[in-house]
Amino acid sequence: MVKIVLRERESAQEAVRRLRKIVERSGLKRELRRRERYEKPSDVRRRAKSRAIRRTKARSQQQTTGRL
């Protein structure tokens with residue numbers, strides 16, 4: 001849970017902006033969106049596998065372009 005204390009001479013808008021940054025950095029928003037609906041375990045594995053493949057392709061491209 002993210003908590004925020006209003007600082008001295010800080011407006012409500014500044015506090016909300018600071019709260020949004022904290023929530024974004026903590027990954028809470030992404031986690032809530034991910035848990036909005038049930039996802040089958042096979043879909044979770046499939047997405048993880050495709051993410052890993054994309055990651056390895058990007059790394060291999062970086063290595064090949066770095067050598068040229």
# chains A, B, ... in the order shown; residues from 1 in each chain; ligands from 1
call {"tool": "select_by_dssp", "arguments": {"residues": "chain A", "states": "helix (DSSP H, G or I)", "output": "ChimeraX atom specification"}}
result
/A:12-26,28-34,41-67
call {"tool": "residues_around", "arguments": {"residues": "region 17-23 of chain A", "least_positions_apart": "3", "cutoff": "12 Å", "atoms": "only C-alpha atoms", "output": "list in words"}}
result
Met1, Val2, Lys3, Ile4, Val5, Leu6, Arg7, Glu10, Ser11, Ala12, Gln13, Glu14, Ser26, Gly27, Leu28, Lys29, Arg30, Glu31 and Leu32 of chain A
call {"tool": "decode", "arguments": {"residues": "chain A", "atoms": "C-alpha atoms", "output": "PDB file, in the first residue's frame"}}
result
ATOM      1  CA  MET A   1       0.000   0.000   0.000  1.00  0.00           C
ATOM      2  CA  VAL A   2       1.298   3.412  -0.947  1.00  0.00           C
ATOM      3  CA  LYS A   3       0.968   6.231   1.554  1.00  0.00           C
ATOM      4  CA  ILE A   4       1.767   9.877   1.120  1.00  0.00           C
ATOM      5  CA  VAL A   5       2.034  12.636   3.708  1.00  0.00           C
ATOM      6  CA  LEU A   6       1.234  16.155   2.649  1.00  0.00           C
ATOM      7  CA  ARG A   7       4.394  18.225   2.951  1.00  0.00           C
ATOM      8  CA  GLU A   8       4.545  21.702   4.361  1.00  0.00           C
ATOM      9  CA  ARG A   9       3.379  24.299   1.800  1.00  0.00           C
ATOM     10  CA  GLU A  10       2.544  21.564  -0.717  1.00  0.00           C
ATOM     11  CA  SER A  11      -0.648  21.943  -2.698  1.00  0.00           C
ATOM     12  CA  ALA A  12      -3.038  19.062  -3.210  1.00  0.00           C
ATOM     13  CA  GLN A  13      -2.170  18.972  -6.923  1.00  0.00           C
ATOM     14  CA  GLU A  14       1.528  18.568  -6.171  1.00  0.00           C
ATOM     15  CA  ALA A  15       0.756  15.791  -3.697  1.00  0.00           C
ATOM     16  CA  VAL A  16      -1.393  13.970  -6.259  1.00  0.00           C
ATOM     17  CA  ARG A  17       1.391  14.296  -8.838  1.00  0.00           C
ATOM     18  CA  ARG A  18       3.879  12.871  -6.342  1.00  0.00           C
ATOM     19  CA  LEU A  19       1.476  10.025  -5.501  1.00  0.00           C
ATOM     20  CA  ARG A  20       1.097   9.146  -9.187  1.00  0.00           C
ATOM     21  CA  LYS A  21       4.860   8.942  -9.593  1.00  0.00           C
ATOM     22  CA  ILE A  22       5.184   6.695  -6.546  1.00  0.00           C
ATOM     23  CA  VAL A  23       2.410   4.387  -7.782  1.00  0.00           C
ATOM     24  CA  GLU A  24       3.960   4.240 -11.252  1.00  0.00           C
ATOM     25  CA  ARG A  25       7.403   3.345  -9.890  1.00  0.00           C
ATOM     26  CA  SER A  26       6.043   0.700  -7.545  1.00  0.00           C
ATOM     27  CA  GLY A  27       4.290  -1.125 -10.390  1.00  0.00           C
ATOM     28  CA  LEU A  28       1.005  -1.167  -8.500  1.00  0.00           C
ATOM     29  CA  LYS A  29      -1.021   0.096 -11.453  1.00  0.00           C
ATOM     30  CA  ARG A  30       0.393  -2.567 -13.775  1.00  0.00           C
ATOM     31  CA  GLU A  31      -0.321  -5.259 -11.197  1.00  0.00           C
ATOM     32  CA  LEU A  32      -3.938  -4.119 -10.776  1.00  0.00           C
ATOM     33  CA  ARG A  33      -4.520  -4.156 -14.522  1.00  0.00           C
ATOM     34  CA  ARG A  34      -3.009  -7.610 -14.770  1.00  0.00           C
ATOM     35  CA  ARG A  35      -5.325  -8.927 -12.057  1.00  0.00           C
ATOM     36  CA  GLU A  36      -8.500  -7.341 -13.404  1.00  0.00           C
ATOM     37  CA  ARG A  37      -9.550 -10.580 -15.042  1.00  0.00           C
ATOM     38  CA  TYR A  38      -8.652 -14.199 -14.498  1.00  0.00           C
ATOM     39  CA  GLU A  39      -6.000 -15.492 -16.825  1.00  0.00           C
ATOM     40  CA  LYS A  40      -5.526 -19.174 -17.479  1.00  0.00           C
ATOM     41  CA  PRO A  41      -2.153 -20.603 -16.452  1.00  0.00           C
ATOM     42  CA  SER A  42      -1.485 -21.677 -20.044  1.00  0.00           C
ATOM     43  CA  ASP A  43      -1.995 -18.083 -21.206  1.00  0.00           C
ATOM     44  CA  VAL A  44       0.393 -16.848 -18.521  1.00  0.00           C
ATOM     45  CA  ARG A  45       3.047 -19.324 -19.683  1.00  0.00           C
ATOM     46  CA  ARG A  46       2.479 -18.447 -23.341  1.00  0.00           C
ATOM     47  CA  ARG A  47       2.892 -14.731 -22.657  1.00  0.00           C
ATOM     48  CA  ALA A  48       6.013 -15.322 -20.573  1.00  0.00           C
ATOM     49  CA  LYS A  49       7.514 -17.481 -23.301  1.00  0.00           C
ATOM     50  CA  SER A  50       6.837 -14.910 -26.022  1.00  0.00           C
ATOM     51  CA  ARG A  51       8.331 -12.192 -23.794  1.00  0.00           C
ATOM     52  CA  ALA A  52      11.474 -14.291 -23.324  1.00  0.00           C
ATOM     53  CA  ILE A  53      11.767 -14.887 -27.080  1.00  0.00           C
ATOM     54  CA  ARG A  54      11.420 -11.158 -27.755  1.00  0.00           C
ATOM     55  CA  ARG A  55      14.044 -10.416 -25.129  1.00  0.00           C
ATOM     56  CA  THR A  56      16.552 -12.872 -26.617  1.00  0.00           C
ATOM     57  CA  LYS A  57      15.946 -11.517 -30.133  1.00  0.00           C
ATOM     58  CA  ALA A  58      16.578  -7.967 -28.927  1.00  0.00           C
ATOM     59  CA  ARG A  59      19.778  -9.030 -27.164  1.00  0.00           C
ATOM     60  CA  SER A  60      21.064 -10.856 -30.224  1.00  0.00           C
ATOM     61  CA  GLN A  61      20.304  -7.824 -32.412  1.00  0.00           C
ATOM     62  CA  GLN A  62      22.197  -5.577 -30.001  1.00  0.00           C
ATOM     63  CA  GLN A  63      25.180  -7.881 -30.131  1.00  0.00           C
ATOM     64  CA  THR A  64      25.212  -8.086 -33.926  1.00  0.00           C
ATOM     65  CA  THR A  65      24.786  -4.338 -34.428  1.00  0.00           C
ATOM     66  CA  GLY A  66      27.383  -3.586 -31.754  1.00  0.00           C
ATOM     67  CA  ARG A  67      30.018  -5.612 -33.589  1.00  0.00           C
ATOM     68  CA  LEU A  68      29.619  -3.795 -36.918  1.00  0.00           C
TER      69      LEU A  68
END
